[in-house]
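Okay, so here's the structure we're looking at.
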Amino acid sequence: MPSFPHRRFLATVLLCLAWLLAFTPAHAADGSTIRIHFHRENNDYAGWGLHVWGAGLVLPHSVSWDRPLEPAGVDAFGIYFDVGVEPHVKDFNFILHRGDYKSTLRDMAVDLTRHGSEIWMLDDSDTIFTTPPEIGHAFTLGVQAEQRRHQVWWWVGGAGAVGLVVLAFVWRVARRRVAGAREELAANMKLLLQTQEELRAQGERMKAGSADELTGLPTRGALHQGLAQAIARASRDGGQVAVVFVDLDGFKQVNDTAGHDAGDEVLRTVARRLRAALRGSDVVARVGGDEFVAVIESFDSAAQVFKVGRKLVRAAAEPIPVGEQSHQIGASVGIALFPGDGADAASLLKAADDAMYDIKRGGKNGCRFVDAARQTQLERQLALEEGLRASLDQDRLSLTAQPLVELPGGRRWGDQASAVWVHDGLPQNAQAVVGACDDPALATALDRWLLSSACRHAARQVEGGCVAVELSGATSEMAAQVRETLAEHGLPPQRLLLWFPARLLADGQVGAETLLRLRSHGVRVGYTGVSEADVSLQRFVAAPIDMLRIEASVRRNEALGTGYVRALAALGAQCGFSVAVTGLASDDDRRWAEGCGCSFGTGPACVPAAVAPRPQPAAVSPR
């Protein structure tokens with residue numbers, strides 16, 4: 001066993017090693033760790049965390065979207081976060097926040113090649129500093145050095161039992177480290193003061209370089225950065241991003257005939273019009289002489305983006321007054337969508353540019369997608385929408401009535417009404433066109449026409465019977481509108497059945513008050529498309545329902561087939577509603593619907609049985 005002096009020496013050495021390990025940082029910012037420093041003027045860092053995303057990140061298992069990365073430590077600048085990355089990682093995204101408050105309005109993108117492995121961030125600033133910026137007050141000893149000194153005192157107090165010799169030794173070592181920290185901080189302060197003016201000048205240059213001097217719109221560099229961030233958000237959330245490339249037609253002639261001053265005024269006017277035609281959340285930038293690019297997020301369909309593109313074409317085509325002259329130009333617009341047309345900013349911009357040049361070659365002054373099939377489909381859909389609007393305005397729609405018969409037996413219970421019109425020589429279903437577009441005004445106009453026409457049709461039927469109409473939605477004014485229409489045509493409310501989309505049944509809040517008010521007046525209420533909606537049993541039991549309508553094609557659906565229809569029919573028998581099947585094309589389809597317990601049916605297989613009308617329709621018992 002070592003003698004007492006040796007044991008004392010060994011204990012002293014072990015304590016020194018423990019002290020060194022306690023105050024040595026867990027890991028430094030090297031090639032596999034990116035250190036992000038963060039500073040706030042009020043020195044309040046409680047609750048701040050780091051959300052970071054990207055491929056190849058090495059993060060603790062506890063980190064998630066609900067629990068951000070916590071600070072790794074503090075220093076004289078503020079707090080810092082250490083982000084582990086794999087060797088091949090070139091970039092990633094992050095945002096600093098505390099609850100709903102963020103350090104900057106947009107997500108930040110780190111380019112390791114350009115920014116290096118250690119960066120500095122300031123609160124309320126979207127600048128990424130690669131060297132420590134001035135933080136607006138004189139440097140002190142630093143939070144980290146102060147914490148270490150307090151820890152040393154705590155350790156000395158806890159280790160007082162080892163004797164005054166060990167305490168003196170530890171104290172001397174601690175003083176040396178504190179003195180070294182002072183010297184290091186003083187050197188850093190001197191360096192920061194020397195670079196203060198340079199950083200301020202650099203910030204001014206960056207700010208001036210991000211906006212176009214002529215139009216005030218973002219420049220190409222700012223567009224690339226914003227587009228990259230939009231793509232990162234869409235990748236994270238499973239969304240889409242649209243890039244709309246706008247090139248002016250006939251602008252060179254303005255410069256040649258009226259001069260560059262007039263050309264500049266035309267560009268400023270076009271920039272204001274493009275900005276006004278977009279939402280506040282959309283971005284439009286000037287990327288060339290007469291070239292502009294818009295970035296659109298949070299849209300429902302490609303058709304919505306296409307309509308925005310056509311809106312930009314119309315905005316550019318309006319006459320532009322300059323002095324006593326008026327100039328007429330046009331615009332060619334190309335559209336690319338993420339992720340289908342490109343995986344990054346460069347590929348999307350090139351794809352949109354290619355689509356724009358297709359418009360140029362085809363006659364200019366138009367809008368086009370990269371995908372030819374999508375373009376053809378959208379042009380057909382928009383042509384149908386315009387045709388439907390024109391038919392409504394000119395009263396060229398026709399009402400078709402398909403017999404709705406009882407199963408079994410085949411006696412006629414009423415008619416299923418729908419609206420059709422002829423487009424390019426072919427009959428078109430108006431309700432199908434409205435269901436494929438996102439135009440509430442068009443849907444409301446068609447609902448109004450259908451309701452009035454169906455009530456007029458039912459009132460003229462000598463043999464009586466009900467009329468069933470499919471509407472696109474339930475508005476707060478619908479109950480009053482239905483009462484007025486019934487009174488206008490003298491139709492009892494019991495002879496009207498209104499079918500609504502199953503999404504109203506899936507969402508217990510939407511339109512519930514309106515539907516209950518309709519049933520209280522005696523109007524029957526039903527739902528269509530229930531086989532495609534995720535509807536709980538509670539909704540079926542609690543919602544106002546007289547009849548559910550399903551398509552015969554559900555028979556061929558393995559997930560929602562015969563068993564599903566039988567369950568609906570059994571539920572209806574218990575809750576007081578009926579099930580109708582549309583599209584019964586053959587006797588086999590009809591026998592299948594009867595075997596499932598369905599009460600009503602429409603389709604070619606039901607037409608022959610509909611020749612024997614009933615004097616009065618059988619009432620559907622309200623619940």
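Following the order of the structure tokens, chains are lettered A, B, ..., residues in each are numbered from 1, and ligands are numbered from 1.
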Next on the checklist: Among segment 491-608 of chain A, which residues does DSSP mark as strand (DSSP E) when it is run on the backbone? Keep the chain and numbering as in the structure and answer as number ranges by chain.
Outcome noted: A: 496-501, 524-528, 547-551, 578-582, 600-601
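Within the 10 Å cut-off around Asp587 of chain A, using only C-alpha atoms and omitting residues fewer than 5 positions from it on the same chain, the listed residues are A:Trp592, A:Ala593, A:Pro604, A:Ala605, A:Cys606.
Using only C-alpha atoms, the residues found no farther than 9 Å from His115 of chain A, other than those of its own chain fewer than 6 positions away, are Ile128, Phe129 and Thr130 of chain A.
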Go ahead and dump the residues you just picked, N, CA and C atoms, as a PDB file, in the first residue's frame.
ATOM      1  N   ILE A 128     -26.454  35.503 -41.487  1.00  0.00           N
ATOM      2  CA  ILE A 128     -25.589  34.458 -40.928  1.00  0.00           C
ATOM      3  C   ILE A 128     -24.152  34.985 -40.955  1.00  0.00           C
ATOM      4  N   PHE A 129     -23.542  35.192 -39.762  1.00  0.00           N
ATOM      5  CA  PHE A 129     -22.185  35.723 -39.663  1.00  0.00           C
ATOM      6  C   PHE A 129     -21.199  34.563 -39.548  1.00  0.00           C
ATOM      7  N   THR A 130     -20.126  34.673 -40.308  1.00  0.00           N
ATOM      8  CA  THR A 130     -19.070  33.649 -40.232  1.00  0.00           C
ATOM      9  C   THR A 130     -17.956  34.057 -39.287  1.00  0.00           C
TER      10      THR A 130
END
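Look at Leu312 of chain A: the protein and nucleic acid residues within 7 Å of it, using only C-alpha atoms and passing over chain neighbours fewer than 3 places away, are A:Leu274, A:Ala277, A:Val308, A:Gly309, A:Ala315, A:Ala316.
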Item to check | Close residues, Arg448 of chain A itself excluded, 10 Å, only C-alpha atoms, min 3 positions apart in chain, as a PyMOL selection string | outcome: chain A and resi 443-445+451-453+471+478+481-482+485
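Picture a line from atom CA of Pro218 of chain A to atom CA of Phe369 of chain A; it runs 23.9 Å.
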Next on the checklist: If you run DSSP on the backbone here, which positions in segment 253-359 of chain A get helix (DSSP H, G or I)? Please write them as a VMD selection string.
Outcome noted: chain A and resid 253 to 258 260 to 277 302 to 317 345 to 359
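The environment of Gly522 of chain A within 10 Å, counting only C-alpha atoms and disregarding residues fewer than 4 places along the same chain, consists of Pro492, Pro493, Gln494, Arg495, Leu496, Leu497, Arg517, Leu518 and Pro622 of chain A.
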Write out as CSV the residues of segment 313-371 of chain A that have any atom within 12 Å of an atom of segment 376-392 of chain A, one row each with the nearest atom pair and its distance in Å to one decimal, counting only C-alpha atoms, sorted by chain and then rising number.
residue,atom,partner,partner_atom,distance
A:Gly366,CA,A:Glu379,CA,11.9
A:Cys367,CA,A:Glu379,CA,10.4
A:Arg368,CA,A:Glu379,CA,9.6
A:Phe369,CA,A:Thr376,CA,9.3
A:Val370,CA,A:Thr376,CA,11.0
A:Asp371,CA,A:Thr376,CA,8.8
With N, CA, C and O atoms kept, could you save the residues just selected as a PDB file, in the first residue's frame?
ATOM      1  N   GLY A 366     -49.368  34.158 -73.399  1.00  0.00           N
ATOM      2  CA  GLY A 366     -50.124  33.016 -72.893  1.00  0.00           C
ATOM      3  C   GLY A 366     -49.455  32.429 -71.670  1.00  0.00           C
ATOM      4  O   GLY A 366     -48.460  32.951 -71.160  1.00  0.00           O
ATOM      5  N   CYS A 367     -50.022  31.314 -71.190  1.00  0.00           N
ATOM      6  CA  CYS A 367     -49.551  30.669 -69.969  1.00  0.00           C
ATOM      7  C   CYS A 367     -49.468  29.177 -70.221  1.00  0.00           C
ATOM      8  O   CYS A 367     -50.362  28.591 -70.854  1.00  0.00           O
ATOM      9  N   ARG A 368     -48.396  28.535 -69.691  1.00  0.00           N
ATOM     10  CA  ARG A 368     -48.187  27.120 -70.009  1.00  0.00           C
ATOM     11  C   ARG A 368     -47.465  26.409 -68.878  1.00  0.00           C
ATOM     12  O   ARG A 368     -46.602  26.968 -68.214  1.00  0.00           O
ATOM     13  N   PHE A 369     -47.836  25.123 -68.665  1.00  0.00           N
ATOM     14  CA  PHE A 369     -47.134  24.252 -67.740  1.00  0.00           C
ATOM     15  C   PHE A 369     -46.007  23.513 -68.459  1.00  0.00           C
ATOM     16  O   PHE A 369     -46.000  23.392 -69.688  1.00  0.00           O
ATOM     17  N   VAL A 370     -45.078  22.988 -67.667  1.00  0.00           N
ATOM     18  CA  VAL A 370     -44.012  22.160 -68.231  1.00  0.00           C
ATOM     19  C   VAL A 370     -44.594  20.856 -68.758  1.00  0.00           C
ATOM     20  O   VAL A 370     -44.268  20.409 -69.861  1.00  0.00           O
ATOM     21  N   ASP A 371     -45.457  20.230 -67.965  1.00  0.00           N
ATOM     22  CA  ASP A 371     -46.057  18.946 -68.303  1.00  0.00           C
ATOM     23  C   ASP A 371     -47.164  19.160 -69.335  1.00  0.00           C
ATOM     24  O   ASP A 371     -48.184  19.788 -69.053  1.00  0.00           O
TER      25      ASP A 371
END
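Atom CA of His88 of chain A to atom CA of His51 of chain A spans 20.8 Å [interatomic distance, one decimal].
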Next on the checklist: To one decimal place in Å, what is the distance between atom CA of Ser520 of chain A and atom CA of Ser599 of chain A?
Outcome noted: 23.5 Å
Next on the checklist: Neighbouring residues of Arg361 of chain A were defined as those with any atom within 10 Å, considering only C-alpha atoms; residues of the same chain fewer than 4 positions away were excluded. Please report them as a list in words.
Outcome noted: Ser332, Met356 and Tyr357 of chain A
Using only all heavy atoms, please write the residues we just selected to a file, as a PDB file, in the first residue's frame.
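Listing of selection-v3.pdb after writing:
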ATOM      1  N   SER A 332     -45.440  36.316 -71.663  1.00  0.00           N
ATOM      2  CA  SER A 332     -45.417  34.866 -71.825  1.00  0.00           C
ATOM      3  C   SER A 332     -45.036  34.261 -70.482  1.00  0.00           C
ATOM      4  O   SER A 332     -44.037  34.648 -69.885  1.00  0.00           O
ATOM      5  CB  SER A 332     -44.412  34.447 -72.900  1.00  0.00           C
ATOM      6  OG  SER A 332     -44.779  34.976 -74.163  1.00  0.00           O
ATOM      7  N   MET A 356     -41.903  28.767 -70.630  1.00  0.00           N
ATOM      8  CA  MET A 356     -42.146  30.130 -71.115  1.00  0.00           C
ATOM      9  C   MET A 356     -41.732  30.260 -72.581  1.00  0.00           C
ATOM     10  O   MET A 356     -42.444  30.871 -73.392  1.00  0.00           O
ATOM     11  CB  MET A 356     -41.387  31.127 -70.240  1.00  0.00           C
ATOM     12  CG  MET A 356     -41.558  32.584 -70.642  1.00  0.00           C
ATOM     13  SD  MET A 356     -40.336  33.138 -71.848  1.00  0.00           S
ATOM     14  CE  MET A 356     -38.832  32.974 -70.902  1.00  0.00           C
ATOM     15  N   TYR A 357     -40.596  29.669 -72.963  1.00  0.00           N
ATOM     16  CA  TYR A 357     -40.155  29.758 -74.357  1.00  0.00           C
ATOM     17  C   TYR A 357     -41.059  28.966 -75.294  1.00  0.00           C
ATOM     18  O   TYR A 357     -41.171  29.285 -76.484  1.00  0.00           O
ATOM     19  CB  TYR A 357     -38.703  29.295 -74.479  1.00  0.00           C
ATOM     20  CG  TYR A 357     -37.728  30.417 -74.208  1.00  0.00           C
ATOM     21  CD1 TYR A 357     -36.999  30.459 -73.037  1.00  0.00           C
ATOM     22  CD2 TYR A 357     -37.568  31.461 -75.122  1.00  0.00           C
ATOM     23  CE1 TYR A 357     -36.114  31.507 -72.775  1.00  0.00           C
ATOM     24  CE2 TYR A 357     -36.687  32.510 -74.868  1.00  0.00           C
ATOM     25  CZ  TYR A 357     -35.969  32.520 -73.697  1.00  0.00           C
ATOM     26  OH  TYR A 357     -35.104  33.550 -73.443  1.00  0.00           O
TER      27      TYR A 357
END
